[in-house]
Structure formats: C-alpha cells, structure tokens
file upload_17.cif (mmCIF, C-alpha atoms)
data_data
#
loop_
_atom_site.label_atom_id
_atom_site.label_comp_id
_atom_site.auth_asym_id
_atom_site.auth_seq_id
_atom_site.Cartn_x
_atom_site.Cartn_y
_atom_site.Cartn_z
CA MET A 1 27.93 -48.00 45.90
CA LEU A 2 27.97 -49.79 42.56
CA ARG A 3 28.54 -47.06 40.01
CA GLN A 4 28.37 -48.95 36.73
CA PRO A 5 24.78 -50.20 37.21
CA THR A 6 23.78 -46.61 37.96
CA PHE A 7 25.40 -45.40 34.73
CA ASP A 8 23.73 -48.21 32.79
CA LYS A 9 20.29 -47.31 34.18
CA LEU A 10 20.76 -43.60 33.42
CA HIS A 11 21.70 -44.39 29.82
CA SER A 12 18.80 -46.85 29.57
CA LEU A 13 16.47 -44.04 30.67
CA ARG A 14 18.11 -41.77 28.06
CA LEU A 15 19.43 -39.49 30.80
CA ARG A 16 22.79 -39.10 29.12
CA GLY A 17 23.34 -35.55 30.33
CA MET A 18 22.75 -36.61 33.90
CA ALA A 19 25.06 -39.62 33.48
CA GLU A 20 27.87 -37.42 32.17
CA ALA A 21 27.37 -34.90 34.98
CA PHE A 22 27.33 -37.69 37.59
CA GLU A 23 30.64 -39.01 36.26
CA GLN A 24 32.11 -35.50 36.43
CA GLN A 25 30.94 -35.14 40.04
CA LEU A 26 32.68 -38.37 40.99
CA ASN A 27 35.92 -36.93 39.60
CA GLN A 28 35.58 -33.67 41.53
CA PRO A 29 36.08 -34.39 45.27
CA ASP A 30 35.41 -30.75 46.20
CA LEU A 31 31.73 -31.24 45.28
CA ALA A 32 31.40 -33.58 48.28
CA ALA A 33 31.00 -30.46 50.42
CA LEU A 34 27.68 -29.69 48.68
CA SER A 35 24.40 -30.95 50.07
CA PHE A 36 22.42 -33.71 48.38
CA GLU A 37 19.87 -31.19 47.10
CA GLU A 38 22.61 -29.03 45.56
CA ARG A 39 24.33 -31.93 43.84
CA PHE A 40 21.05 -33.32 42.59
CA GLY A 41 20.12 -29.87 41.29
CA LEU A 42 23.37 -29.79 39.30
CA LEU A 43 22.53 -33.17 37.78
CA VAL A 44 19.06 -32.00 36.76
CA ASP A 45 20.47 -28.80 35.26
CA ALA A 46 23.00 -30.83 33.26
CA GLN A 47 20.27 -33.12 31.91
CA TRP A 48 18.07 -30.16 30.98
CA THR A 49 20.97 -28.43 29.17
CA TRP A 50 21.89 -31.64 27.33
CA LYS A 51 18.28 -32.16 26.21
CA GLU A 52 18.00 -28.55 25.00
CA ASN A 53 21.25 -28.87 23.04
CA GLN A 54 20.00 -32.07 21.43
CA ALA A 55 16.75 -30.38 20.46
CA VAL A 56 18.59 -27.42 18.92
CA ALA A 57 20.89 -29.78 17.00
CA GLY A 58 17.85 -31.64 15.67
CA ARG A 59 16.15 -28.44 14.52
CA LEU A 60 19.33 -27.22 12.85
CA LYS A 61 19.67 -30.53 11.00
CA LYS A 62 16.09 -30.35 9.74
CA ALA A 63 16.64 -26.73 8.67
CA HIS A 64 19.16 -27.90 6.03
CA LEU A 65 21.55 -25.03 6.72
CA THR A 66 24.31 -26.46 4.53
CA LEU A 67 26.66 -23.57 5.34
CA SER A 68 27.04 -22.40 8.92
CA ALA A 69 26.17 -18.84 9.88
CA CYS A 70 26.29 -17.36 13.37
CA PHE A 71 24.04 -14.47 14.36
CA GLU A 72 26.64 -13.20 16.84
CA ASP A 73 29.24 -13.03 14.05
CA ILE A 74 27.29 -10.70 11.74
CA ASN A 75 29.69 -8.14 10.27
CA PHE A 76 28.69 -4.57 11.16
CA ARG A 77 32.05 -3.04 10.21
CA HIS A 78 31.51 -3.21 6.46
CA PRO A 79 29.35 -0.26 5.31
CA ARG A 80 26.21 -1.81 3.76
CA ASN A 81 23.29 0.05 5.36
CA LEU A 82 22.95 -2.55 8.11
CA ASP A 83 21.26 -1.11 11.20
CA ARG A 84 22.81 -2.74 14.27
CA SER A 85 19.91 -1.84 16.58
CA LEU A 86 17.35 -3.25 14.13
CA ILE A 87 19.30 -6.48 13.69
CA ARG A 88 19.63 -6.90 17.45
CA SER A 89 15.92 -6.29 17.94
CA LEU A 90 15.10 -8.93 15.31
CA GLY A 91 17.48 -11.34 17.03
CA ASP A 92 14.94 -12.12 19.76
CA CYS A 93 12.77 -13.77 17.04
CA GLN A 94 9.60 -12.10 18.28
CA TRP A 95 8.78 -11.43 14.63
CA VAL A 96 8.62 -15.20 14.19
CA ALA A 97 6.36 -15.49 17.22
CA ARG A 98 4.11 -12.80 15.69
CA HIS A 99 4.12 -14.63 12.31
CA GLN A 100 5.75 -11.75 10.45
CA ASN A 101 8.09 -11.98 7.46
CA LEU A 102 11.63 -10.76 6.83
CA LEU A 103 12.77 -9.56 3.39
CA ILE A 104 16.49 -9.00 2.73
CA THR A 105 17.50 -7.30 -0.52
CA GLY A 106 20.77 -6.02 -1.93
CA PRO A 107 23.40 -6.50 -4.63
CA THR A 108 25.43 -9.65 -5.19
CA GLY A 109 28.05 -10.41 -2.54
CA ILE A 110 26.64 -8.06 0.10
CA GLY A 111 25.97 -10.90 2.57
CA LYS A 112 22.22 -11.51 2.16
CA SER A 113 22.49 -15.30 2.28
CA TYR A 114 24.65 -15.21 5.41
CA LEU A 115 22.17 -12.92 7.15
CA GLY A 116 19.29 -15.17 6.14
CA ARG A 117 20.98 -18.31 7.44
CA ALA A 118 21.98 -16.49 10.64
CA PHE A 119 18.35 -15.59 11.34
CA LEU A 120 17.23 -19.15 10.64
CA GLN A 121 19.91 -20.50 12.97
CA LYS A 122 18.84 -18.04 15.66
CA ALA A 123 15.23 -19.15 15.26
CA CYS A 124 16.27 -22.78 15.75
CA GLN A 125 18.13 -21.81 18.92
CA GLN A 126 15.02 -20.02 20.17
CA GLY A 127 12.91 -23.15 19.78
CA TYR A 128 11.35 -22.61 16.34
CA THR A 129 11.45 -25.04 13.43
CA ALA A 130 12.99 -23.75 10.21
CA TYR A 131 13.75 -24.81 6.66
CA TYR A 132 16.26 -23.18 4.31
CA THR A 133 16.42 -23.66 0.55
CA ARG A 134 17.36 -21.80 -2.59
CA ALA A 135 14.34 -20.53 -4.49
CA SER A 136 15.29 -22.50 -7.61
CA ARG A 137 15.46 -25.76 -5.66
CA PHE A 138 12.26 -24.89 -3.80
CA PHE A 139 10.28 -24.64 -7.04
CA ARG A 140 11.94 -27.76 -8.44
CA ASP A 141 10.96 -29.73 -5.32
CA LEU A 142 7.37 -28.51 -5.60
CA GLU A 143 7.20 -29.47 -9.27
CA VAL A 144 8.61 -32.96 -8.62
CA ALA A 145 6.27 -33.46 -5.66
CA HIS A 146 3.32 -32.40 -7.79
CA ALA A 147 4.33 -34.93 -10.45
CA ASP A 148 4.86 -37.93 -8.16
CA GLY A 149 1.90 -37.42 -5.82
CA ARG A 150 3.73 -35.99 -2.78
CA TYR A 151 2.51 -32.43 -3.31
CA ASP A 152 -0.13 -32.30 -0.55
CA ARG A 153 2.24 -33.93 1.93
CA LEU A 154 4.97 -31.40 1.09
CA LEU A 155 2.51 -28.53 1.51
CA ARG A 156 1.53 -29.84 4.96
CA SER A 157 5.18 -30.11 5.96
CA LEU A 158 5.91 -26.55 4.85
CA ALA A 159 2.76 -25.29 6.58
CA ARG A 160 4.00 -26.72 9.91
CA THR A 161 7.44 -25.09 9.62
CA ASP A 162 7.71 -21.95 11.76
CA LEU A 163 10.21 -20.16 9.51
CA LEU A 164 10.68 -20.85 5.79
CA GLY A 165 13.80 -19.31 4.23
CA LEU A 166 13.96 -18.81 0.44
CA ASP A 167 17.37 -17.69 -0.80
CA ASP A 168 18.11 -15.93 -4.13
CA TRP A 169 14.51 -15.16 -4.97
CA GLY A 170 13.80 -13.72 -8.42
CA LEU A 171 16.88 -14.86 -10.32
CA ALA A 172 14.65 -16.32 -13.04
CA PRO A 173 11.10 -15.42 -14.12
CA LEU A 174 8.41 -17.62 -12.61
CA SER A 175 6.10 -19.78 -14.68
CA ASP A 176 2.36 -19.73 -14.14
CA ALA A 177 2.56 -23.08 -12.31
CA GLN A 178 5.39 -21.87 -10.05
CA CYS A 179 3.38 -18.78 -9.13
CA ARG A 180 0.42 -20.94 -8.19
CA TYR A 181 2.60 -23.28 -6.12
CA LEU A 182 4.09 -20.33 -4.26
CA LEU A 183 0.69 -18.80 -3.64
CA GLU A 184 -0.55 -22.04 -2.10
CA VAL A 185 2.49 -22.21 0.19
CA LEU A 186 2.14 -18.59 1.28
CA ASP A 187 -1.62 -18.90 1.70
CA ASP A 188 -1.06 -21.76 4.17
CA ARG A 189 1.50 -19.68 6.06
CA TYR A 190 -0.12 -16.24 6.11
CA GLY A 191 -0.95 -15.14 9.64
CA CYS A 192 0.32 -18.33 11.28
CA ARG A 193 3.93 -18.83 10.09
CA SER A 194 6.88 -16.66 8.98
CA THR A 195 8.80 -16.48 5.71
CA LEU A 196 12.27 -15.08 5.08
CA ILE A 197 13.34 -14.14 1.54
CA THR A 198 16.63 -12.84 0.14
CA SER A 199 16.83 -11.27 -3.30
CA GLN A 200 19.11 -9.21 -5.51
CA TYR A 201 16.08 -7.23 -6.67
CA ALA A 202 14.42 -4.41 -4.76
CA ILE A 203 10.96 -5.24 -3.46
CA GLN A 204 9.48 -2.70 -5.88
CA GLN A 205 10.70 -4.90 -8.75
CA TRP A 206 9.20 -8.16 -7.50
CA HIS A 207 5.82 -7.56 -9.11
CA GLY A 208 7.45 -7.38 -12.54
CA GLN A 209 9.67 -10.36 -11.81
CA ILE A 210 6.64 -12.53 -11.08
CA GLY A 211 5.14 -11.55 -14.42
CA PHE A 212 1.49 -12.47 -13.81
CA PRO A 213 -0.25 -9.35 -12.42
CA THR A 214 -3.13 -11.04 -10.61
CA LEU A 215 -0.95 -13.74 -9.05
CA ALA A 216 1.75 -11.17 -8.27
CA ASP A 217 -0.78 -9.05 -6.33
CA ALA A 218 -1.88 -12.07 -4.28
CA ILE A 219 1.69 -13.27 -3.60
CA LEU A 220 3.05 -9.88 -2.57
CA ASP A 221 -0.01 -9.16 -0.44
CA ARG A 222 0.91 -12.20 1.66
CA LEU A 223 4.63 -11.38 1.74
CA VAL A 224 5.20 -7.66 2.00
CA HIS A 225 2.57 -5.99 4.17
CA ASN A 226 3.53 -7.68 7.45
CA ALA A 227 7.27 -7.85 6.73
CA HIS A 228 10.42 -6.34 8.18
CA LYS A 229 12.70 -5.11 5.38
CA LEU A 230 16.51 -5.02 5.28
CA GLU A 231 17.62 -3.12 2.18
CA LEU A 232 21.40 -3.52 1.93
CA ASP A 233 23.70 -1.45 -0.24
CA GLY A 234 27.43 -1.03 -0.70
CA GLU A 235 30.49 -2.81 -2.03
CA SER A 236 30.57 -6.58 -2.28
CA LEU A 237 31.93 -8.32 0.80
CA ARG A 238 33.36 -11.04 -1.44
CA ARG A 239 35.18 -8.48 -3.57
CA GLU A 240 36.56 -6.76 -0.48
CA LYS A 241 37.74 -10.07 0.96
CA ALA A 242 39.41 -11.05 -2.31
CA LYS A 243 41.11 -7.65 -2.52
CA SER A 244 42.39 -7.83 1.06
CA GLU A 245 43.77 -11.32 0.44
CA ALA A 246 45.48 -10.11 -2.75
CA ASP A 247 47.09 -7.22 -0.85
CA LEU A 248 48.69 -9.55 1.68
CA PRO A 249 52.44 -9.86 1.14
CA SER A 250 53.35 -13.17 -0.34
CA ARG A 251 55.47 -15.40 1.83
CA PRO A 252 58.98 -15.73 0.42
CA LEU A 253 60.18 -19.18 -0.32
CA ASP A 254 62.69 -20.51 2.16
CA PRO A 255 66.15 -20.41 0.59
CA GLU A 256 67.65 -23.78 -0.04
CA PRO A 257 70.14 -24.49 2.74
CA GLN A 258 73.75 -24.57 1.65
CA ARG A 259 75.46 -27.90 2.00
CA HIS A 260 78.94 -27.97 3.44
CA PRO A 261 81.25 -30.90 2.85
CA ARG A 262 81.94 -32.95 5.90
CA LYS A 263 85.43 -32.82 7.32
CA GLY A 264 87.69 -35.52 6.06
CA VAL A 265 85.68 -36.08 2.89
CA ARG A 266 86.99 -34.82 -0.43
CA SER A 267 84.50 -32.85 -2.45
#

call {"tool": "encode", "arguments": {"input": "upload_17.cif", "output": "structure tokens"}}
result
Amino acid sequence: MLRQPTFDKLHSLRLRGMAEAFEQQLNQPDLAALSFEERFGLLVDAQWTWKENQAVAGRLKKAHLTLSACFEDINFRHPRNLDRSLIRSLGDCQWVARHQNLLITGPTGIGKSYLGRAFLQKACQQGYTAYYTRASRFFRDLEVAHADGRYDRLLRSLARTDLLGLDDWGLAPLSDAQCRYLLEVLDDRYGCRSTLITSQYAIQQWHGQIGFPTLADAILDRLVHNAHKLELDGESLRREKAKSEADLPSRPLDPEPQRHPRKGVRS
C-alpha cells in the first residue's frame, strides 16, 4: 500500500482529522486486531471531532473574546451571591435557544466580565455565534459605521449573531443618537436573538442612566422582561487577590556564596 498518496488525497479533500487519525493507526500495531468497520469508524469519529473543534475555534475567533474565560472555572468559593445551581442550569445555553437575555450586575471587581465572557465561550462551544464588546466601543463602532455608510451592514451582522455581549454598560450617560442606535439593534434581536449585558449599576437604575424616558422604556422593554438576572454582591475579587498576594511571604535573597582561596595561592 502506498501511504503517502493516501495522505495527500485526504489533505486535498480537507479530511485532515482523518489523515491524522490514519497516521496514528499506522503507528499503533494493536489496532490491527480491529475489524475494518471498527477502524473506519474511528477514522470517521476523528474527522468529525476535528471538524467540530475547527468550527468552535472559528466561532470563538469571531466572538472577539480578547481575554479567555472558562465556564468550568467559574469561582463559586468567593461569597458574591452566585447561585451554583442557576449558573449550571444556564450553562446548557437553552436560554440562547429560547432567545432570552442575561443581565449581570454588581460592583467593580466582582467578576461580571469574566462571567459574561464565560457564557459567550460556552455558547460558542454549543454551536451558537457570539460577539463580545465593551459598551463604549460598541457605540463608537455604531457611530463610525453610521458616518461612513456601513451602518445597515453592521446592523445586519449584529442581527444574525445569536448572542451579543455588551460589557460595562452604563458607565457613561447615553446620547440621544446612541439610544436610537441601541434601540434599533435590540429591535432587530427581540424574540429571535439573545443579548448579554454586564453593568455596575442595578437594573432599577438603568432607566435613569439612559436619560431619555421614552427611549428608555422601549430599550428596557426589549431587554429586561425576558431576561435572566444575576445580581452579584460582595468584596472585590481583584482586591482579595491583591491582598492574598501581598500576604505571601517574600522569598529571601540567596546569600552570596563565600569564596575560599584555592590551596597554594596566596590571598
């Protein structure tokens, strides 16, 4: 059997996972005891797994999750009103399938951004498209797109995204134009896509933060009424981490080794 032409054809057909699995089988003589159907099944499974991993990697790249966050690594030890059973139930991403929203609020340093990114990463792993951005950058991108003629195209792109994540919502008051941009985005998404928002302000304060009563009513109507809410409270995780690092004993400097004169040499 000529192996190299087989490898070349598998790569030409973009069956890289199968090619890698075939090479591994050739290096494992014990697999010779398996039937043809069993070995072929292993090759198909390897190709399917490789393709799924590539798809997840592509969705994660498009999500723009600049800092990694792992859903399985969420910290439940730190007291911050984080319900483990609720988080686990949201981890299946059925709320994304049902086009519901997720609102995460709490003080600075409590881990809102990490939780948000972890949910977006989980959604990507479950087969959903996602996009993460800070609220300030989100509005800036909309304003620039409106100015250079890309606004409608950007709206269509956002409307197709299964889960939109806006981090640090409400840090600055919104202008009338920003409110109208946001309303258009949420209007396209309501009932057919999901939105995740993190904010230092309690949801009850969002109406005042928006500043325009009529627009605020319309925006919050599309955000809040079909949303799951995580209201965190407690000491800052960053402050606790900094304190624990400060309490660590400092490593003493290694003493300078004493030098002894060699025998037969006058000092």

call {"tool": "resolve_selection", "arguments": {"input": "upload_17.cif", "expression": "the PyMOL selection byres ((chain A and resi 224) around 10)", "output": "number ranges by chain"}}
result
A: 100-103, 203, 219-223, 225-229

call {"tool": "resolve_selection", "arguments": {"input": "upload_17.cif", "expression": "the PyMOL selection byres ((chain A and resi 231-235) around 7)", "output": "ChimeraX atom specification"}}
result
/A:79-82,104-107,110,229-230,236-237

call {"tool": "write_last_selection", "arguments": {"input": "upload_17.cif", "atoms": "C-alpha atoms", "output": "CSV table (one decimal), keeping the file's coordinate frame"}}
result
chain,number,residue,atom,x,y,z
A,79,PRO,CA,29.4,-0.3,5.3
A,80,ARG,CA,26.2,-1.8,3.8
A,81,ASN,CA,23.3,0.0,5.4
A,82,LEU,CA,23.0,-2.6,8.1
A,104,ILE,CA,16.5,-9.0,2.7
A,105,THR,CA,17.5,-7.3,-0.5
A,106,GLY,CA,20.8,-6.0,-1.9
A,107,PRO,CA,23.4,-6.5,-4.6
A,110,ILE,CA,26.6,-8.1,0.1
A,229,LYS,CA,12.7,-5.1,5.4
A,230,LEU,CA,16.5,-5.0,5.3
A,236,SER,CA,30.6,-6.6,-2.3
A,237,LEU,CA,31.9,-8.3,0.8

call {"tool": "residues_around", "arguments": {"input": "upload_17.cif", "residues": "range 39-48 of chain A", "least_positions_apart": "5", "cutoff": "8 Å", "atoms": "only C-alpha atoms", "output": "PDB file with C-alpha atoms, in the frame of the given file"}}
result
ATOM      1  CA  LEU A  15      19.430 -39.490  30.800  1.00  0.00           C
ATOM      2  CA  ARG A  16      22.790 -39.100  29.120  1.00  0.00           C
ATOM      3  CA  GLY A  17      23.340 -35.550  30.330  1.00  0.00           C
ATOM      4  CA  MET A  18      22.750 -36.610  33.900  1.00  0.00           C
ATOM      5  CA  ALA A  21      27.370 -34.900  34.980  1.00  0.00           C
ATOM      6  CA  PHE A  22      27.330 -37.690  37.590  1.00  0.00           C
ATOM      7  CA  LEU A  31      31.730 -31.240  45.280  1.00  0.00           C
ATOM      8  CA  LEU A  34      27.680 -29.690  48.680  1.00  0.00           C
TER       9      LEU A  34
END

call {"tool": "atom_distance", "arguments": {"input": "upload_17.cif", "atom1": "CA of Pro213 in chain A", "atom2": "CA of Thr195 in chain A"}}
result
21.5 Å

call {"tool": "closest_residue", "arguments": {"input": "upload_17.cif", "among": "A:Glu184, A:Glu72, A:Asp141, A:Asp148", "to": "Tyr114 in chain A", "atoms": "all atoms listed in the file"}}
result
A:Glu72

call {"tool": "axis_aligned_box", "arguments": {"input": "upload_17.cif", "around": "range 29-41 of chain A", "padding_each_side": "5 Å", "output": "lines of an AutoDock Vina configuration file"}}
result
center_x = 28.0
center_y = -31.7
center_z = 45.9
size_x = 26.2
size_y = 15.4
size_z = 19.1

call {"tool": "atom_distance", "arguments": {"input": "upload_17.cif", "atom1": "CA of Gly149 in chain A", "atom2": "CA of Tyr181 in chain A"}}
result
14.2 Å

call {"tool": "closest_residue", "arguments": {"input": "upload_17.cif", "among": "A:Ala55, A:Ala202, A:Leu171, A:Cys179", "to": "Thr214 in chain A", "atoms": "only C-alpha atoms"}}
result
A:Cys179

call {"tool": "closest_residue", "arguments": {"input": "upload_17.cif", "among": "A:Glu38, A:Trp169, A:Arg180, A:Ala118", "to": "Gln205 in chain A", "atoms": "only C-alpha atoms"}}
result
A:Trp169

call {"tool": "resolve_selection", "arguments": {"input": "upload_17.cif", "expression": "the PyMOL selection byres ((chain A and resi 185-193) around 6)", "output": "PyMOL selection string"}}
result
chain A and resi 99+159+162+182-184+194

call {"tool": "atom_distance", "arguments": {"input": "upload_17.cif", "atom1": "CA of His146 in chain A", "atom2": "CA of His64 in chain A"}}
result
21.5 Å

call {"tool": "closest_residue", "arguments": {"input": "upload_17.cif", "among": "A:Leu174, A:Leu142, A:Phe7, A:Gln94", "to": "Trp206 in chain A", "atoms": "all atoms listed in the file"}}
result
A:Leu174

call {"tool": "closest_residue", "arguments": {"input": "upload_17.cif", "among": "A:Leu164, A:Gly111, A:Asp176, A:Arg137", "to": "Phe212 in chain A", "atoms": "only C-alpha atoms"}}
result
A:Asp176

call {"tool": "decode", "arguments": {"input": "upload_17.cif", "residues": "range 102-119 of chain A", "atoms": "N, CA, C and O atoms", "output": "compact mmCIF listing (two decimals), in the first residue's frame"}}
result
# COMPACT_ATOMS: atom_id res chain seq x y z
N LEU A 102 -29.56 37.77 29.27
CA LEU A 102 -28.90 37.55 30.56
C LEU A 102 -28.28 38.86 31.00
O LEU A 102 -27.47 39.45 30.28
N LEU A 103 -28.66 39.33 32.18
CA LEU A 103 -28.19 40.60 32.74
C LEU A 103 -27.40 40.32 34.01
O LEU A 103 -27.92 39.72 34.95
N ILE A 104 -26.13 40.75 34.03
CA ILE A 104 -25.24 40.51 35.17
C ILE A 104 -24.86 41.85 35.77
O ILE A 104 -24.25 42.69 35.09
N THR A 105 -25.21 42.08 37.03
CA THR A 105 -24.91 43.35 37.69
C THR A 105 -24.13 43.10 38.97
O THR A 105 -24.20 42.02 39.56
N GLY A 106 -23.41 44.12 39.41
CA GLY A 106 -22.63 44.01 40.64
C GLY A 106 -21.53 45.04 40.69
O GLY A 106 -21.24 45.70 39.68
N PRO A 107 -20.90 45.20 41.84
CA PRO A 107 -19.86 46.22 42.00
C PRO A 107 -18.60 45.89 41.21
O PRO A 107 -18.42 44.78 40.70
N THR A 108 -17.72 46.87 41.13
CA THR A 108 -16.46 46.72 40.42
C THR A 108 -15.63 45.58 41.01
O THR A 108 -15.53 45.44 42.24
N GLY A 109 -15.04 44.77 40.15
CA GLY A 109 -14.12 43.72 40.60
C GLY A 109 -14.78 42.45 41.07
O GLY A 109 -14.09 41.54 41.53
N ILE A 110 -16.10 42.33 40.93
CA ILE A 110 -16.81 41.16 41.44
C ILE A 110 -16.79 40.00 40.46
O ILE A 110 -17.17 38.88 40.79
N GLY A 111 -16.31 40.23 39.23
CA GLY A 111 -16.17 39.15 38.25
C GLY A 111 -17.26 39.11 37.20
O GLY A 111 -17.49 38.08 36.57
N LYS A 112 -17.92 40.24 36.95
CA LYS A 112 -19.01 40.28 35.96
C LYS A 112 -18.49 40.00 34.55
O LYS A 112 -19.09 39.23 33.80
N SER A 113 -17.38 40.65 34.19
CA SER A 113 -16.84 40.49 32.84
C SER A 113 -16.41 39.05 32.59
O SER A 113 -16.63 38.51 31.49
N TYR A 114 -15.81 38.43 33.59
CA TYR A 114 -15.38 37.03 33.43
C TYR A 114 -16.60 36.14 33.21
O TYR A 114 -16.59 35.27 32.31
N LEU A 115 -17.64 36.34 34.01
CA LEU A 115 -18.85 35.55 33.85
C LEU A 115 -19.45 35.74 32.46
O LEU A 115 -19.85 34.78 31.80
N GLY A 116 -19.49 36.99 32.02
CA GLY A 116 -20.04 37.27 30.69
C GLY A 116 -19.27 36.56 29.60
O GLY A 116 -19.86 35.92 28.71
N ARG A 117 -17.94 36.67 29.65
CA ARG A 117 -17.12 36.00 28.63
C ARG A 117 -17.25 34.49 28.72
O ARG A 117 -17.23 33.79 27.69
N ALA A 118 -17.39 33.95 29.94
CA ALA A 118 -17.54 32.51 30.11
C ALA A 118 -18.84 32.02 29.46
O ALA A 118 -18.87 30.96 28.82
N PHE A 119 -19.91 32.78 29.60
CA PHE A 119 -21.17 32.39 28.97
C PHE A 119 -21.07 32.50 27.45
O PHE A 119 -21.62 31.66 26.73
